[in-house]
Amino acid sequence: MKLDLSTVIGMILGFGMVLMGMMLAAGGDVGLFMALYVYQPDSAAITIGGSMGGVLMNFPLQKIMTFGKVLGKTAMEDPKNTAFGDLINEMVDYATEARRNGVLALDAKTEEIEDPFIKGGIQLAVDGTAPDQIEEILQLELDALQKRHEDGQAILLKWAELAPAYGMVGTLVGLIAMLANLSDPDSIGPSMAIALVTTMYGSMLANMVCIPLAGKLQMRTRDEVTRKEMVISAIMAIQNGDNPRIVRQKLLTYVNPSLRESLASQETEG
Amino acid sequence: MKLDLSTVIGMILGFGMVLMGMMLAAGGDVGLFMALYVYQPDSAAITIGGSMGGVLMNFPLQKIMTFGKVLGKTAMEDPKNTAFGDLINEMVDYATEARRNGVLALDAKTEEIEDPFIKGGIQLAVDGTAPDQIEEILQLELDALQKRHEDGQAILLKWAELAPAYGMVGTLVGLIAMLANLSDPDSIGPSMAIALVTTMYGSMLANMVCIPLAGKLQMRTRDEVTRKEMVISAIMAIQNGDNPRIVRQKLLTYVNPSLRESLASQETEG
Amino acid sequence: MKLDLSTVIGMILGFGMVLMGMMLAAGGDVGLFMALYVYQPDSAAITIGGSMGGVLMNFPLQKIMTFGKVLGKTAMEDPKNTAFGDLINEMVDYATEARRNGVLALDAKTEEIEDPFIKGGIQLAVDGTAPDQIEEILQLELDALQKRHEDGQAILLKWAELAPAYGMVGTLVGLIAMLANLSDPDSIGPSMAIALVTTMYGSMLANMVCIPLAGKLQMRTRDEVTRKEMVISAIMAIQNGDNPRIVRQKLLTYVNPSLRESLASQETEG
Amino acid sequence: MKLDLSTVIGMILGFGMVLMGMMLAAGGDVGLFMALYVYQPDSAAITIGGSMGGVLMNFPLQKIMTFGKVLGKTAMEDPKNTAFGDLINEMVDYATEARRNGVLALDAKTEEIEDPFIKGGIQLAVDGTAPDQIEEILQLELDALQKRHEDGQAILLKWAELAPAYGMVGTLVGLIAMLANLSDPDSIGPSMAIALVTTMYGSMLANMVCIPLAGKLQMRTRDEVTRKEMVISAIMAIQNGDNPRIVRQKLLTYVNPSLRESLASQETEG
Amino acid sequence: MKLDLSTVIGMILGFGMVLMGMMLAAGGDVGLFMALYVYQPDSAAITIGGSMGGVLMNFPLQKIMTFGKVLGKTAMEDPKNTAFGDLINEMVDYATEARRNGVLALDAKTEEIEDPFIKGGIQLAVDGTAPDQIEEILQLELDALQKRHEDGQAILLKWAELAPAYGMVGTLVGLIAMLANLSDPDSIGPSMAIALVTTMYGSMLANMVCIPLAGKLQMRTRDEVTRKEMVISAIMAIQNGDNPRIVRQKLLTYVNPSLRESLASQETEG
């Protein structure tokens, strides 16, 4: 696990630009900047707290509670999921072993396999499970993983849907109070400014946090699904006794051309 | 059936934050708070009553009438639907029995089975119905359940679509009357405030009630569908005389990894 | 055919609430109410007439002309389409007859069958048409029915899309004329009021008429499609010589659990 | 090819209503009407010209150049595409001939067939091409036709998406200039009026031209696809030596019930 | 690779029209034009820089870094991808050679083939790989290409989604500062003008750059996918020993009718 640079840099850049805009709009006056944009606890409570309430209503408690763990994934990345070259070499090794000494020969290797998905799949093949049952079990597991990951995205996207709505409700609340009492014209401007802060918070929460993080989660899911699809494809080929060269060729189709070339050259050497 | 905490907490949090915002906007004056935001019977009639009319036009009476029962589901949850561990143990028991003494041996057990879906499926297997007919009947039943559940979500989502539209129509009605009679400038503000209340009600009904409840219903449906898919998968395997170990492994793919580990350890002990 | 209560009640409730709101906004003055909201022939021409022009451009004349007949369906309902119990009994009777005396014995019965879809399907089975050809023909007919019904919904949904757009164009037309001539400040309010009426008409046409009626048509289609799917499923089983008990069980999966219980009890008695 | 009435009437009605609204807003003054709404070359350039630029960026030049030909389809209709009765009779004739004298007997007829799709299909059957290869070739051709037609719709829908956006950019350009120079209050109204014209043009181009024409193209595609699906279904049945009565029955499922009845009665007579 | 005319002309037309509109709004004063619309570094930083931050958060760094290469594709086109006539002739040549001298005879030709996709496919056929394995490998490669191309579109479309949102946040920031300080009425107009510039930049970035370029990328993908589908179809037919005439006929179904006629006439001559 290592820090995901693009999430961190993107967040700094996105918030940095907007905060700079606020600072300039406040004429460089830090006190005014804080008063206008940052220290607005009521607006934050309505927009952030209120929309969190909507999200809580929408999802079972259990899914909300595992959400924090999922969220961590957006800032940290698991290099394993994109190390397609290592995965191809590993799977081709198993295919070579199975081709030479039979699938049962892999039994000795299963102990060393770290990835539980690969381990489980190889174990099924070693146990002599029917090919269509192996494929069904591995595919069911992949589907279940996708569903779990989609929950995390769903929470973020629902928040992105509700935050601007709560922001608008907050602005309407402020406008209604202001309009009902126009007697003091001097208070109109500041009252409207405060009312608009909830709309701004809602839009910022949705577009600067929730939507990009949901997108990043989706990208992570795709990488992990691609990796697991490669594993399924390889295990079915190993169980089928396919030529290791064909196994490598199939797995290479999943990676992009530049990586493929460097990996294909390894084959020639190996 | 027990109270669904996240629905209740979420609703309290969501409404609490917005009501607090209204109270603050009214300067803490309870009378003003009531007059501005709560006691607006005309706005409520147009937005809530009007959009209910639209929903009635859209759906057959019969579906509207079963809607109340469906809605109850969002505040109460049936723990059975997420007790995947118990379900797996139950189905593996049947598989073991069928493997040892033949599928007919399950006949004695069907009396005790509470869940009508499991009972019906086992009965079909005991009756010697052809496997593809068992699968077709159970799948048809699952599809029909999904359709019925989707009706409840559809009503809420249609309400969420129409409520803001009726709110906007109400605001236009108010604005038109106000604009046609600008002679009294003092009444402009209060008139506009009243006109905006319908928009606020529409947005609140949609985003603070209908959309999150529809989401919760969708989550419930998913849990129930997953449970029934597990039952179908298990019954087909039982009828096929599959090894109970394979049955357990297939069913475990449906649950998340942390639960799976604790359930897998039971297997080793058992 | 009988009156569809929910369409009628919904329309009365939806329009009643909005008209009441208009009446209150006009201070209970019927003349003002008429002048402000109802007698606005120009706005109605632009919004309703104009968007009808857009709908005409979008669809072939022939589909527009059968649209009236389709629309009638939203206010009248055919109780046959939801009388699933009668249908199940009828199909199980045919299955029993075919099981006892062969499929040819149904030839005598075809004369009495009123529903042309059931009649045609039974006739195909009696004629000894190959099962996959029967299924193909009935399925093609069902697909064609769905396409025709979707046309009606498509017209309403297109109208719902265009009406607010024409309303907004009308409002822009009014605003531009008003802004170009701000010399008379007294006319600003009334001019803007009139300009906003087209937006209000567009939103009312879309959200209070077109969208709910399209939804009702979709519900009707679903009922009719479910009914025809049940017929296809039954005829394939009859042709296949299935046990009438299995036929009943398959058909019961299409109906909701409460109806199913009462129908299942008939089976035990019968 | 004959004029498509609904496109022409719809366009006259849609534009007529809006132009009438403009005329009324201009107080019946033709000069003012022209000055306010029609003679606005800058607004037209930004909205129409600018969005055409966006469309050009979006599509390859070659697709833009064939777009004019496609557009002609929306105002002209080919009666052949909806003459399902003639098509059924023609295909049943071929089926009868093939049933009596073998598929090779159709060789003599191919010269007379005008429709290249029917001709090509019959030729393939006469040449003794394998059934699955005939179906694959005809289906590929149908898919390619659908893709080509979708390009025309895609251009119109992209224009409908970009035109309001360019209109809004134009309005912002006008507003910014006006707001930067508020010193002359008399110019505020007219400046805003001019700024709003680009928004109005964008909405009119999208909703009164592009969206309805894209819809008409979609309807035309559907008719042509239905016709070609009927041809494929018939040719596969002819090649298979199906009974002409079954061929007629299959093809009749594609047409609506009223037309079907009149065509079915011809069968009894024939 | 040659310059893609429609992208370049479209961009010049789109920007030209809007810049002309700005120039006219500035009364032809270049200084004012620059000050009002172009030299707004704060607005550009918030809208362009901020939304780039959001895009960075959404995508892995590796995909962002290959994005530049993908973007180049929108301005340059590879004529090979639309030279369907040459491709058909090439594939029919291989089919003729394989039909006459066996698939192995193609081994000598593979050296000369430039396109790695065709080369790889022919090589698989020459190596005697099983047909379904050839199809699976080529199809997997096509799917992977589509996924990679979709990443480029996804980045542009996400930018098109976030840019207007950041623009609106920037406008709210400006409005809040202005409303909080209404004491100087002369500054209201200019302040609002500056606030609106961020909204304008956001809309321009989305609608005049990102959306059309994403559309162009999608078109390019479609051409490349069509080309590769033709190659797969041809290689499967070659491996199957199909008649070259059937190969040509299948490939011709992918091209539009006018091109098809000219290509078909070559066949008669050849």
# chains A, B, ... in the order shown; residues from 1 in each chain; ligands from 1

$ residues_around --residues "Leu5 (chain D)" --least-positions-apart "5" --cutoff "10 Å" --atoms "only C-alpha atoms" --output "VMD selection string"
(chain C and resid 56 to 57 60 to 61) or (chain D and resid 10 to 11 75 to 77)

$ residues_around --residues "Thr199 (chain C)" --least-positions-apart "4" --cutoff "9 Å" --atoms "only C-alpha atoms" --output "ChimeraX atom specification"
/B:169,172 /C:43,47,163-171,195,203-204

$ residues_around --residues "region 127-141 of chain C" --least-positions-apart "5" --cutoff "12 Å" --atoms "only C-alpha atoms" --output "number ranges by chain"
C: 102-107, 110, 116-122, 146-148, 225, 228-241; D: 226, 229-230, 233, 237, 242-243, 245-257, 260

$ select_by_dssp --residues "region 157-234 of chain E" --states "alpha helix (DSSP H)" --output "PyMOL selection string"
chain E and resi 157-180+188-204+211-234

$ closest_residue --among "A:Ser258, A:Ala177, A:Trp159, A:Ile64" --to "Ile48 (chain A)" --atoms "only C-alpha atoms"
A:Trp159

$ residues_around --residues "region 152-157 of chain A" --least-positions-apart "5" --cutoff "10 Å" --atoms "only C-alpha atoms" --output "count of residues only"
29

$ closest_residue --among "C:Asp223, C:Asp184, C:Glu261, C:Glu112" --to "chain D" --atoms "only C-alpha atoms"
C:Asp184

$ closest_residue --among "B:Val197, B:Leu87, B:Met17, B:Ile176" --to "chain C" --atoms "only C-alpha atoms"
B:Ile176

$ atom_distance --atom1 "CA of Ile9 (chain E)" --atom2 "CA of Ala45 (chain D)"
15.5 Å

$ closest_atom_pairs --of "region 125-226 of chain E" --to "region 32-37 of chain E" --cutoff "10 Å" --atoms "only C-alpha atoms" --output "CSV"
residue,atom,partner,partner_atom,distance
E:Pro190,CA,E:Leu36,CA,9.5
E:Ala193,CA,E:Leu36,CA,8.1
E:Ile194,CA,E:Leu36,CA,7.8
E:Val197,CA,E:Tyr37,CA,7.2
E:Met200,CA,E:Tyr37,CA,9.2
E:Tyr201,CA,E:Tyr37,CA,9.1

$ write_last_selection --atoms "N, CA, C and O atoms" --output "mmCIF file, in the first residue's frame"
data_model
loop_
_atom_site.group_PDB
_atom_site.id
_atom_site.type_symbol
_atom_site.label_atom_id
_atom_site.label_comp_id
_atom_site.auth_asym_id
_atom_site.auth_seq_id
_atom_site.Cartn_x
_atom_site.Cartn_y
_atom_site.Cartn_z
ATOM 1 N N PRO E 190 -19.463 45.827 -11.662
ATOM 2 C CA PRO E 190 -18.185 45.202 -12.003
ATOM 3 C C PRO E 190 -17.898 43.934 -11.193
ATOM 4 O O PRO E 190 -17.392 42.948 -11.739
ATOM 5 N N ALA E 193 -19.855 41.223 -12.669
ATOM 6 C CA ALA E 193 -19.283 40.855 -13.967
ATOM 7 C C ALA E 193 -18.125 39.891 -13.776
ATOM 8 O O ALA E 193 -18.029 38.847 -14.439
ATOM 9 N N ILE E 194 -17.245 40.238 -12.819
ATOM 10 C CA ILE E 194 -16.085 39.373 -12.577
ATOM 11 C C ILE E 194 -16.534 38.012 -12.059
ATOM 12 O O ILE E 194 -16.034 36.968 -12.479
ATOM 13 N N VAL E 197 -17.622 35.701 -14.802
ATOM 14 C CA VAL E 197 -16.608 35.193 -15.729
ATOM 15 C C VAL E 197 -16.259 33.737 -15.424
ATOM 16 O O VAL E 197 -16.045 32.936 -16.343
ATOM 17 N N MET E 200 -18.793 31.565 -17.004
ATOM 18 C CA MET E 200 -18.589 31.557 -18.453
ATOM 19 C C MET E 200 -17.409 30.671 -18.837
ATOM 20 O O MET E 200 -17.510 29.855 -19.758
ATOM 21 N N TYR E 201 -16.283 30.798 -18.097
ATOM 22 C CA TYR E 201 -15.134 29.944 -18.394
ATOM 23 C C TYR E 201 -15.494 28.464 -18.242
ATOM 24 O O TYR E 201 -15.111 27.637 -19.055
#
